[in-house]
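See below for coords_38.csv, which holds CSV, C-alpha atoms and all ligand atoms.
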chain,number,residue,atom,x,y,z
A,1,MET,CA,-18.6,4.6,-17.9
A,2,GLU,CA,-18.7,7.5,-15.5
A,3,PHE,CA,-17.4,6.5,-12.1
A,4,LYS,CA,-19.0,7.7,-8.8
A,5,ASN,CA,-17.4,5.4,-6.3
A,6,ILE,CA,-13.9,4.9,-7.6
A,7,LEU,CA,-11.2,7.1,-9.1
A,8,LEU,CA,-9.1,5.8,-12.0
A,9,GLU,CA,-6.0,7.9,-12.7
A,10,LYS,CA,-3.3,7.2,-15.2
A,11,GLU,CA,0.3,8.4,-15.0
A,12,GLY,CA,2.3,7.1,-17.9
A,13,LYS,CA,2.5,3.4,-17.6
A,14,LEU,CA,1.0,3.3,-14.1
A,15,ALA,CA,-2.7,3.4,-13.2
A,16,ILE,CA,-4.0,4.2,-9.7
A,17,LEU,CA,-7.4,2.8,-8.9
A,18,THR,CA,-8.8,4.3,-5.7
A,19,ILE,CA,-12.0,3.0,-4.0
A,20,ASN,CA,-13.6,6.3,-3.2
A,21,ARG,CA,-16.4,6.0,-0.6
A,22,PRO,CA,-14.6,7.4,2.4
A,23,LYS,CA,-17.9,8.1,4.3
A,24,ALA,CA,-18.6,4.4,4.3
A,25,LEU,CA,-14.9,3.6,4.9
A,26,ASN,CA,-14.8,2.5,1.2
A,27,ALA,CA,-17.1,-0.5,1.8
A,28,LEU,CA,-17.8,-2.4,-1.4
A,29,ASN,CA,-21.4,-2.1,-2.4
A,30,PRO,CA,-22.8,-3.5,-5.7
A,31,GLU,CA,-22.4,-0.2,-7.6
A,32,THR,CA,-18.7,0.1,-6.5
A,33,MET,CA,-18.1,-3.5,-7.6
A,34,THR,CA,-19.6,-2.8,-11.0
A,35,GLU,CA,-17.3,0.2,-11.4
A,36,ILE,CA,-14.3,-1.8,-10.4
A,37,ASP,CA,-15.3,-4.4,-13.0
A,38,ALA,CA,-15.5,-1.7,-15.7
A,39,ALA,CA,-12.2,-0.2,-14.6
A,40,LEU,CA,-10.5,-3.6,-14.9
A,41,ASP,CA,-11.9,-4.0,-18.4
A,42,ASP,CA,-10.5,-0.6,-19.2
A,43,LEU,CA,-7.1,-1.4,-17.7
A,44,ALA,CA,-6.9,-4.8,-19.5
A,45,LYS,CA,-7.4,-3.1,-22.8
A,46,ASP,CA,-5.1,-0.2,-22.2
A,47,THR,CA,-1.8,-1.3,-23.7
A,48,GLU,CA,0.0,1.9,-22.3
A,49,ILE,CA,-0.7,0.8,-18.7
A,50,GLN,CA,1.7,-1.8,-17.4
A,51,ALA,CA,1.1,-1.7,-13.6
A,52,VAL,CA,-1.7,-0.8,-11.3
A,53,ILE,CA,-1.9,0.4,-7.7
A,54,LEU,CA,-5.1,-0.2,-5.8
A,55,THR,CA,-5.8,1.9,-2.7
A,56,GLY,CA,-8.6,3.5,-0.7
A,57,ALA,CA,-9.6,7.1,-0.3
A,58,GLY,CA,-8.8,8.9,3.0
A,59,GLU,CA,-6.5,8.1,5.8
A,60,LYS,CA,-8.6,5.7,7.8
A,61,SER,CA,-9.6,2.9,5.5
A,62,PHE,CA,-8.5,0.8,2.5
A,63,VAL,CA,-11.8,-1.1,2.3
A,64,ALA,CA,-13.8,-1.9,5.4
A,65,GLY,CA,-15.4,-4.9,3.7
A,66,ALA,CA,-18.4,-5.7,1.6
A,67,ASP,CA,-21.1,-3.2,2.4
A,68,ILE,CA,-23.0,-4.7,5.3
A,69,LYS,CA,-26.0,-2.4,4.8
A,70,ALA,CA,-26.3,-3.5,1.2
A,71,MET,CA,-26.2,-7.1,2.2
A,72,GLN,CA,-28.3,-6.9,5.3
A,73,ASN,CA,-31.6,-7.8,3.6
A,74,MET,CA,-30.4,-10.0,0.7
A,75,ASN,CA,-32.3,-13.2,0.1
A,76,VAL,CA,-30.6,-16.5,-0.7
A,77,MET,CA,-30.6,-15.9,-4.5
A,78,GLU,CA,-29.4,-12.3,-4.2
A,79,GLY,CA,-26.6,-13.4,-1.9
A,80,ARG,CA,-25.6,-16.1,-4.3
A,81,GLU,CA,-25.7,-13.7,-7.3
A,82,TRP,CA,-23.7,-11.1,-5.4
A,83,ALA,CA,-21.1,-13.7,-4.3
A,84,LEU,CA,-20.8,-15.1,-7.9
A,85,TYR,CA,-20.5,-11.6,-9.5
A,86,ALA,CA,-18.0,-10.3,-6.9
A,87,ASN,CA,-15.9,-13.4,-7.1
A,88,GLY,CA,-15.8,-13.0,-10.9
A,89,VAL,CA,-14.6,-9.4,-10.4
A,90,PHE,CA,-11.9,-10.5,-7.9
A,91,ARG,CA,-10.7,-13.2,-10.3
A,92,LYS,CA,-10.6,-10.6,-13.1
A,93,LEU,CA,-8.4,-8.5,-10.8
A,94,GLU,CA,-6.2,-11.5,-9.8
A,95,SER,CA,-5.8,-12.5,-13.5
A,96,LEU,CA,-5.2,-9.0,-14.9
A,97,GLU,CA,-2.2,-9.3,-17.1
A,98,LYS,CA,-0.2,-6.6,-15.3
A,99,PRO,CA,1.1,-6.4,-11.8
A,100,VAL,CA,-1.3,-5.0,-9.2
A,101,ILE,CA,0.0,-3.5,-5.9
A,102,ALA,CA,-2.4,-3.1,-3.0
A,103,ALA,CA,-1.4,0.0,-1.1
A,104,VAL,CA,-3.4,-0.7,2.1
A,105,ASN,CA,-3.9,2.6,3.9
A,106,GLY,CA,-6.1,1.6,6.8
A,107,PHE,CA,-8.9,-0.9,7.5
A,108,ALA,CA,-8.7,-4.0,5.2
A,109,LEU,CA,-11.5,-6.1,6.7
A,110,GLY,CA,-13.6,-8.8,5.2
A,111,GLY,CA,-14.0,-8.0,1.5
A,112,GLY,CA,-11.2,-5.4,2.0
A,113,CYS,CA,-8.7,-8.0,3.1
A,114,GLU,CA,-10.0,-10.2,0.3
A,115,ILE,CA,-9.6,-7.7,-2.4
A,116,SER,CA,-6.0,-6.9,-1.2
A,117,MET,CA,-5.3,-10.7,-1.4
A,118,ALA,CA,-6.4,-10.8,-5.1
A,119,CYS,CA,-3.6,-8.3,-5.8
A,120,ASP,CA,-0.1,-9.4,-6.5
A,121,VAL,CA,1.7,-7.6,-3.7
A,122,ARG,CA,0.5,-5.9,-0.6
A,123,ILE,CA,2.2,-3.0,1.2
A,124,ALA,CA,0.7,-1.3,4.1
A,125,SER,CA,0.8,1.9,6.2
A,126,LYS,CA,1.5,1.6,9.9
A,127,ASN,CA,-2.2,2.1,10.8
A,128,ALA,CA,-3.4,-0.7,8.5
A,129,LYS,CA,-5.6,-3.4,10.0
A,130,PHE,CA,-6.4,-6.7,8.5
A,131,GLY,CA,-9.0,-9.3,9.4
A,132,GLN,CA,-11.8,-11.6,8.3
A,133,PRO,CA,-14.5,-10.8,10.8
A,134,GLU,CA,-17.4,-12.4,8.9
A,135,VAL,CA,-18.1,-15.1,11.4
A,136,GLY,CA,-19.2,-12.4,13.9
A,137,LEU,CA,-21.8,-11.3,11.3
A,138,GLY,CA,-23.0,-14.9,10.9
A,139,ILE,CA,-21.5,-15.5,7.5
A,140,THR,CA,-18.4,-17.0,6.0
A,141,PRO,CA,-16.0,-14.9,4.0
A,142,GLY,CA,-17.6,-14.6,0.6
A,143,PHE,CA,-15.0,-13.1,-1.6
A,144,GLY,CA,-12.3,-15.8,-1.5
A,145,GLY,CA,-11.0,-15.2,2.0
A,146,THR,CA,-11.2,-18.9,3.0
A,147,GLN,CA,-9.2,-19.7,-0.1
A,148,ARG,CA,-6.6,-16.9,-0.5
A,149,LEU,CA,-5.7,-16.3,3.1
A,150,PRO,CA,-4.3,-19.8,3.7
A,151,ARG,CA,-2.4,-19.5,0.4
A,152,HIS,CA,-0.8,-16.3,1.7
A,153,VAL,CA,-0.2,-17.1,5.4
A,154,GLY,CA,-0.6,-20.8,5.7
A,155,MET,CA,-3.5,-22.9,6.9
A,156,GLY,CA,-3.0,-22.6,10.7
A,157,MET,CA,-2.7,-18.9,10.8
A,158,ALA,CA,-5.6,-18.4,8.3
A,159,LYS,CA,-7.8,-20.7,10.4
A,160,GLU,CA,-7.0,-18.8,13.6
A,161,MET,CA,-7.8,-15.4,11.9
A,162,ILE,CA,-11.0,-16.7,10.2
A,163,TYR,CA,-12.4,-18.6,13.2
A,164,THR,CA,-11.7,-15.8,15.7
A,165,GLY,CA,-12.4,-12.9,13.3
A,166,LYS,CA,-9.5,-11.1,15.1
A,167,ILE,CA,-8.1,-7.9,13.6
A,168,ILE,CA,-4.3,-7.7,13.2
A,169,GLY,CA,-2.1,-4.7,12.8
A,170,ALA,CA,0.3,-3.9,10.0
A,171,GLU,CA,3.4,-5.2,11.8
A,172,GLU,CA,1.7,-8.6,12.6
A,173,ALA,CA,0.5,-8.7,8.9
A,174,TYR,CA,4.2,-8.2,7.9
A,175,ARG,CA,5.3,-10.9,10.4
A,176,ILE,CA,3.0,-13.5,8.9
A,177,GLY,CA,3.8,-12.6,5.3
A,178,LEU,CA,0.5,-11.0,4.4
A,179,VAL,CA,2.2,-7.7,3.5
A,180,ASN,CA,5.6,-7.2,2.0
A,181,HIS,CA,6.5,-3.8,3.6
A,182,VAL,CA,5.1,-1.4,6.2
A,183,PHE,CA,5.6,2.4,5.7
A,184,GLU,CA,4.5,5.6,7.4
A,185,GLN,CA,1.1,6.5,5.9
A,186,GLU,CA,2.4,9.7,4.2
A,187,GLN,CA,5.0,7.6,2.4
A,188,LEU,CA,2.7,4.8,1.3
A,189,MET,CA,1.8,6.0,-2.1
A,190,ASP,CA,5.3,7.1,-3.0
A,191,GLU,CA,6.6,3.7,-1.9
A,192,ALA,CA,3.9,2.0,-3.9
A,193,LYS,CA,4.9,4.0,-7.0
A,194,LYS,CA,8.6,3.2,-6.4
A,195,LEU,CA,7.7,-0.5,-6.2
A,196,ALA,CA,5.6,-0.2,-9.4
A,197,ASN,CA,8.5,1.6,-11.1
A,198,ALA,CA,10.9,-1.2,-10.2
A,199,MET,CA,8.6,-3.5,-12.1
A,200,LEU,CA,8.0,-1.1,-15.0
A,201,VAL,CA,11.7,-1.0,-16.0
A,202,ASN,CA,11.5,-4.7,-16.9
A,203,ALA,CA,10.1,-6.3,-20.0
A,204,PRO,CA,6.3,-6.1,-19.7
A,205,ILE,CA,5.7,-9.4,-21.5
A,206,ALA,CA,8.1,-11.2,-19.2
A,207,VAL,CA,6.5,-9.7,-16.1
A,208,LYS,CA,3.0,-10.7,-17.5
A,209,LEU,CA,4.2,-14.3,-18.2
A,210,CYS,CA,5.7,-14.5,-14.7
A,211,LYS,CA,2.3,-13.6,-13.2
A,212,GLN,CA,0.7,-16.3,-15.3
A,213,ALA,CA,3.3,-18.8,-14.3
A,214,ILE,CA,3.1,-18.1,-10.6
A,215,ASN,CA,-0.7,-17.8,-10.5
A,216,ARG,CA,-1.4,-21.0,-12.5
A,217,GLY,CA,1.6,-22.9,-11.2
A,218,MET,CA,0.5,-22.5,-7.6
A,219,GLN,CA,-2.8,-24.3,-8.3
A,220,VAL,CA,-1.3,-27.4,-9.9
A,221,ASP,CA,1.2,-30.1,-9.2
A,222,ILE,CA,4.9,-29.3,-9.6
A,223,ASP,CA,5.5,-31.2,-12.8
A,224,THR,CA,2.6,-29.5,-14.6
A,225,ALA,CA,3.8,-26.2,-13.1
A,226,VAL,CA,7.4,-26.4,-14.3
A,227,ASN,CA,6.2,-27.6,-17.7
A,228,PHE,CA,4.0,-24.5,-17.9
A,229,GLU,CA,7.0,-22.4,-16.9
A,230,SER,CA,9.0,-24.0,-19.7
A,231,GLU,CA,6.4,-23.2,-22.3
A,232,LEU,CA,6.2,-19.5,-21.2
A,233,PHE,CA,10.1,-19.3,-21.0
A,234,GLY,CA,10.2,-20.6,-24.6
A,235,ALA,CA,7.5,-18.1,-25.7
A,236,CYS,CA,9.8,-15.3,-24.5
A,237,PHE,CA,12.2,-16.1,-27.3
A,238,SER,CA,9.6,-15.0,-29.9
A,239,THR,CA,9.6,-11.4,-28.4
A,240,GLU,CA,11.6,-8.4,-29.4
A,241,ASP,CA,12.1,-7.6,-25.7
A,242,GLN,CA,14.1,-10.8,-25.1
A,243,THR,CA,16.4,-9.8,-27.9
A,244,GLU,CA,16.7,-6.3,-26.5
A,245,GLY,CA,17.3,-7.5,-22.9
A,246,MET,CA,20.0,-9.9,-23.8
A,247,THR,CA,21.6,-7.6,-26.3
A,248,ALA,CA,21.8,-4.9,-23.7
A,249,PHE,CA,23.5,-7.3,-21.3
A,250,VAL,CA,26.1,-8.4,-23.9
A,251,GLU,CA,26.7,-4.7,-24.9
A,252,LYS,CA,27.0,-3.8,-21.2
A,253,ARG,CA,24.3,-1.3,-21.7
A,254,LYS,CA,22.2,-0.3,-18.7
A,255,GLU,CA,19.4,1.5,-20.6
A,256,LYS,CA,17.0,-0.9,-22.2
A,257,ASN,CA,14.4,-0.1,-24.7
A,258,PHE,CA,11.6,-2.6,-24.0
A,259,LYS,CA,8.7,-2.2,-26.4
A,260,ASN,CA,6.2,-4.7,-25.0
A,261,LYS,CA,6.5,-6.7,-28.2
B,1,LIG,N1,-20.4,-1.8,5.3
B,1,LIG,C1,-21.2,-0.7,5.3
B,1,LIG,N2,-20.8,0.4,6.0
B,1,LIG,C2,-19.7,0.4,6.7
B,1,LIG,C3,-18.8,-0.7,6.7
B,1,LIG,C4,-19.2,-1.8,6.0
B,1,LIG,N3,-18.4,-2.9,5.9
B,1,LIG,N4,-17.8,-0.4,7.5
B,1,LIG,C5,-18.0,0.9,8.0
B,1,LIG,N5,-19.2,1.4,7.4
B,1,LIG,C6,-19.7,2.7,7.7
B,1,LIG,C7,-20.4,2.8,9.0
B,1,LIG,O1,-21.7,2.2,9.0
B,1,LIG,C8,-20.4,4.3,9.3
B,1,LIG,O2,-21.5,4.8,8.5
B,1,LIG,P1,-22.5,5.9,9.2
B,1,LIG,O3,-23.1,5.1,10.4
B,1,LIG,O4,-21.7,7.0,9.6
B,1,LIG,O5,-23.5,6.1,8.1
B,1,LIG,C9,-19.1,4.8,8.6
B,1,LIG,O6,-18.7,3.7,7.7
B,1,LIG,C10,-17.9,4.9,9.6
B,1,LIG,O7,-17.8,3.7,10.3
B,1,LIG,P2,-17.8,3.7,11.9
B,1,LIG,O8,-18.5,4.9,12.5
B,1,LIG,O9,-18.2,2.3,12.3
B,1,LIG,O10,-16.2,4.0,12.2
B,1,LIG,P3,-15.4,3.4,13.4
B,1,LIG,O11,-14.0,4.1,13.3
B,1,LIG,O12,-16.1,3.6,14.7
B,1,LIG,O13,-15.2,1.9,13.2
B,1,LIG,C11,-14.6,-0.1,11.9
B,1,LIG,C12,-14.4,1.4,12.1
B,1,LIG,C13,-14.0,-0.5,10.5
B,1,LIG,C14,-14.0,-0.9,13.0
B,1,LIG,C15,-16.2,-0.4,11.8
B,1,LIG,O14,-16.8,0.5,10.9
B,1,LIG,C16,-16.5,-1.8,11.4
B,1,LIG,O15,-16.4,-2.7,12.2
B,1,LIG,N6,-16.9,-1.9,10.2
B,1,LIG,C17,-17.4,-3.2,9.7
B,1,LIG,C18,-16.1,-4.0,9.4
B,1,LIG,C19,-16.5,-5.4,8.9
B,1,LIG,O16,-17.1,-6.2,9.7
B,1,LIG,N7,-16.1,-5.7,7.7
B,1,LIG,C20,-16.4,-7.0,7.1
B,1,LIG,C21,-17.7,-6.8,6.4
B,1,LIG,S1,-18.3,-8.4,5.9
B,1,LIG,C22,-20.5,-12.6,0.5
B,1,LIG,C23,-19.8,-11.6,-0.1
B,1,LIG,C24,-18.9,-10.9,0.7
B,1,LIG,C25,-18.7,-11.1,2.0
B,1,LIG,C26,-19.4,-12.1,2.6
B,1,LIG,C27,-20.3,-12.8,1.9
B,1,LIG,N8,-21.4,-13.3,-0.2
B,1,LIG,C28,-22.1,-12.6,-1.3
B,1,LIG,C29,-21.9,-14.6,0.2
B,1,LIG,C30,-17.9,-10.2,2.7
B,1,LIG,C31,-18.3,-9.7,3.8
B,1,LIG,C32,-17.6,-8.7,4.5
B,1,LIG,O17,-16.7,-8.0,4.0
Would you mind writing the structure in this file as structure tokens?
Amino acid sequence: MEFKNILLEKEGKLAILTINRPKALNALNPETMTEIDAALDDLAKDTEIQAVILTGAGEKSFVAGADIKAMQNMNVMEGREWALYANGVFRKLESLEKPVIAAVNGFALGGGCEISMACDVRIASKNAKFGQPEVGLGITPGFGGTQRLPRHVGMGMAKEMIYTGKIIGAEEAYRIGLVNHVFEQEQLMDEAKKLANAMLVNAPIAVKLCKQAINRGMQVDIDTAVNFESELFGACFSTEDQTEGMTAFVEKRKEKNFKNK
């Protein structure tokens, strides 16, 4: 598929997916969502790629939300279909079997905040702004904001943000745990790559299984969750990378040759 609204670049084991509609502050219209969907299918199949950075084009905006102009005249069925489709794409992103880092380089409002929350880790530039301003448009968050924001920052903080629609800066987002780190804008992508590389040196299957354990485990009771973790832990002992990782430790060898097998 030829992309018009996103860029998909690959550098070794790392892919960089950039939402590229800077004139509309990278707002998510249906075409962009379809392209993200196709890019995620590509990334899921590409066994070379083991980590992904998601960012927005330009210096002003990560994603300024779902495209309000595209939604303005939707009828009930169109709104429902749009929400179902987009939520499916966000779930695909959240479940991608590789870590995804959101490098939030400006506005992350509405659907922009929501897509960042479907990523594993968020880092932000100092000018980043987060919020769920939907109630001011007469709608609820539609891409999982009511569900993921309380999981990230707790129910009280999420309710305050969602009911008031207030926009918070990067430092406040850091304080409440919505982002892990804040950097100068010009350093953001380098720092995102450093973080990705700190993941890429580890056994990819183990990282993938950790993602499954955390994502699924957070949705279920603790007994089910730790049982699931035990199953995945056990599964690691069928991999060559477990043998390599432990052999390297015993041999006091720093360099490890993980093969994703
Ligand atoms: N949609 C469409 N265009 C947008 C946009 C958006 N979300 N945000 C910005 N733009 C466009 C502007 O219209 C403008 O285009 P032109 O007028 O030049 O053609 C261009 O980007 C530059 O924006 P501004 O001129 O407004 O730039 P400023 O620096 O003055 O302001 C701003 C930046 C981010 C504060 C402002 O643009 C703004 O308030 N934008 C809207 C932010 C917002 O409310 N975002 C949340 C959107 S609602 C659902 C599915 C999803 C959702 C809900 C339901 N279902 C299917 C049920 C999610 C909803 C949302 O995400």
_Test item: residues at most 12 Å from Leu17 of chain A, only C-alpha atoms, excluding those fewer than 6 positions along its chain, as an MDAnalysis selection string_ = chainID A and resid 3 5:11 32 35:40 42:43 51:57 62 93 100:103 189
*Protein and nucleic acid residues within 7 Å of ligand LIG 1 (chain B) (all atoms listed in the file) as a PyMOL selection string*: chain A and resi 23-25+27+64-69+79-80+82-83+107+109-112+132-134+139-143
Produce a file of the selected residues containing C-alpha atoms, as a JSON list (two decimals), keeping the file's coordinate frame.
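As written to disk, part-v8.json reads:
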[["chain", "number", "residue", "atom", "x", "y", "z"],
["A", 23, "LYS", "CA", -17.90, 8.10, 4.30],
["A", 24, "ALA", "CA", -18.60, 4.40, 4.30],
["A", 25, "LEU", "CA", -14.90, 3.60, 4.90],
["A", 27, "ALA", "CA", -17.10, -0.50, 1.80],
["A", 64, "ALA", "CA", -13.80, -1.90, 5.40],
["A", 65, "GLY", "CA", -15.40, -4.90, 3.70],
["A", 66, "ALA", "CA", -18.40, -5.70, 1.60],
["A", 67, "ASP", "CA", -21.10, -3.20, 2.40],
["A", 68, "ILE", "CA", -23.00, -4.70, 5.30],
["A", 69, "LYS", "CA", -26.00, -2.40, 4.80],
["A", 79, "GLY", "CA", -26.60, -13.40, -1.90],
["A", 80, "ARG", "CA", -25.60, -16.10, -4.30],
["A", 82, "TRP", "CA", -23.70, -11.10, -5.40],
["A", 83, "ALA", "CA", -21.10, -13.70, -4.30],
["A", 107, "PHE", "CA", -8.90, -0.90, 7.50],
["A", 109, "LEU", "CA", -11.50, -6.10, 6.70],
["A", 110, "GLY", "CA", -13.60, -8.80, 5.20],
["A", 111, "GLY", "CA", -14.00, -8.00, 1.50],
["A", 112, "GLY", "CA", -11.20, -5.40, 2.00],
["A", 132, "GLN", "CA", -11.80, -11.60, 8.30],
["A", 133, "PRO", "CA", -14.50, -10.80, 10.80],
["A", 134, "GLU", "CA", -17.40, -12.40, 8.90],
["A", 139, "ILE", "CA", -21.50, -15.50, 7.50],
["A", 140, "THR", "CA", -18.40, -17.00, 6.00],
["A", 141, "PRO", "CA", -16.00, -14.90, 4.00],
["A", 142, "GLY", "CA", -17.60, -14.60, 0.60],
["A", 143, "PHE", "CA", -15.00, -13.10, -1.60]]
At most 12 Å is the cut-off: for each residue in segment 150-207 of chain A with any atom that close to an atom of segment 214-218 of chain A, write down the nearest atom pair and the distance in Å rounded to one decimal, counting all atoms listed in the file, chain first then increasing number, as a Markdown table.
| residue | atom | partner | partner_atom | distance |
| --- | --- | --- | --- | --- |
| A:Arg151 | CA | A:Met218 | CA | 9.0 |
| A:His152 | CA | A:Met218 | CA | 11.3 |
| A:Val207 | CA | A:Ile214 | CA | 10.6 |
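Going from atom CA of Gly154 of chain A over to atom CA of Gly177 of chain A, you cover 9.3 Å.
Minimum distance to Thr18 of chain A across A:Gln187, A:Asn105, A:Gln50, A:Asn257 (counting only C-alpha atoms) occurs at A:Asn105.
Minimum distance to Asn29 of chain A across A:Gln72, A:Ser125, A:Ser116, A:Ser61 (counting all atoms listed in the file) occurs at A:Gln72.
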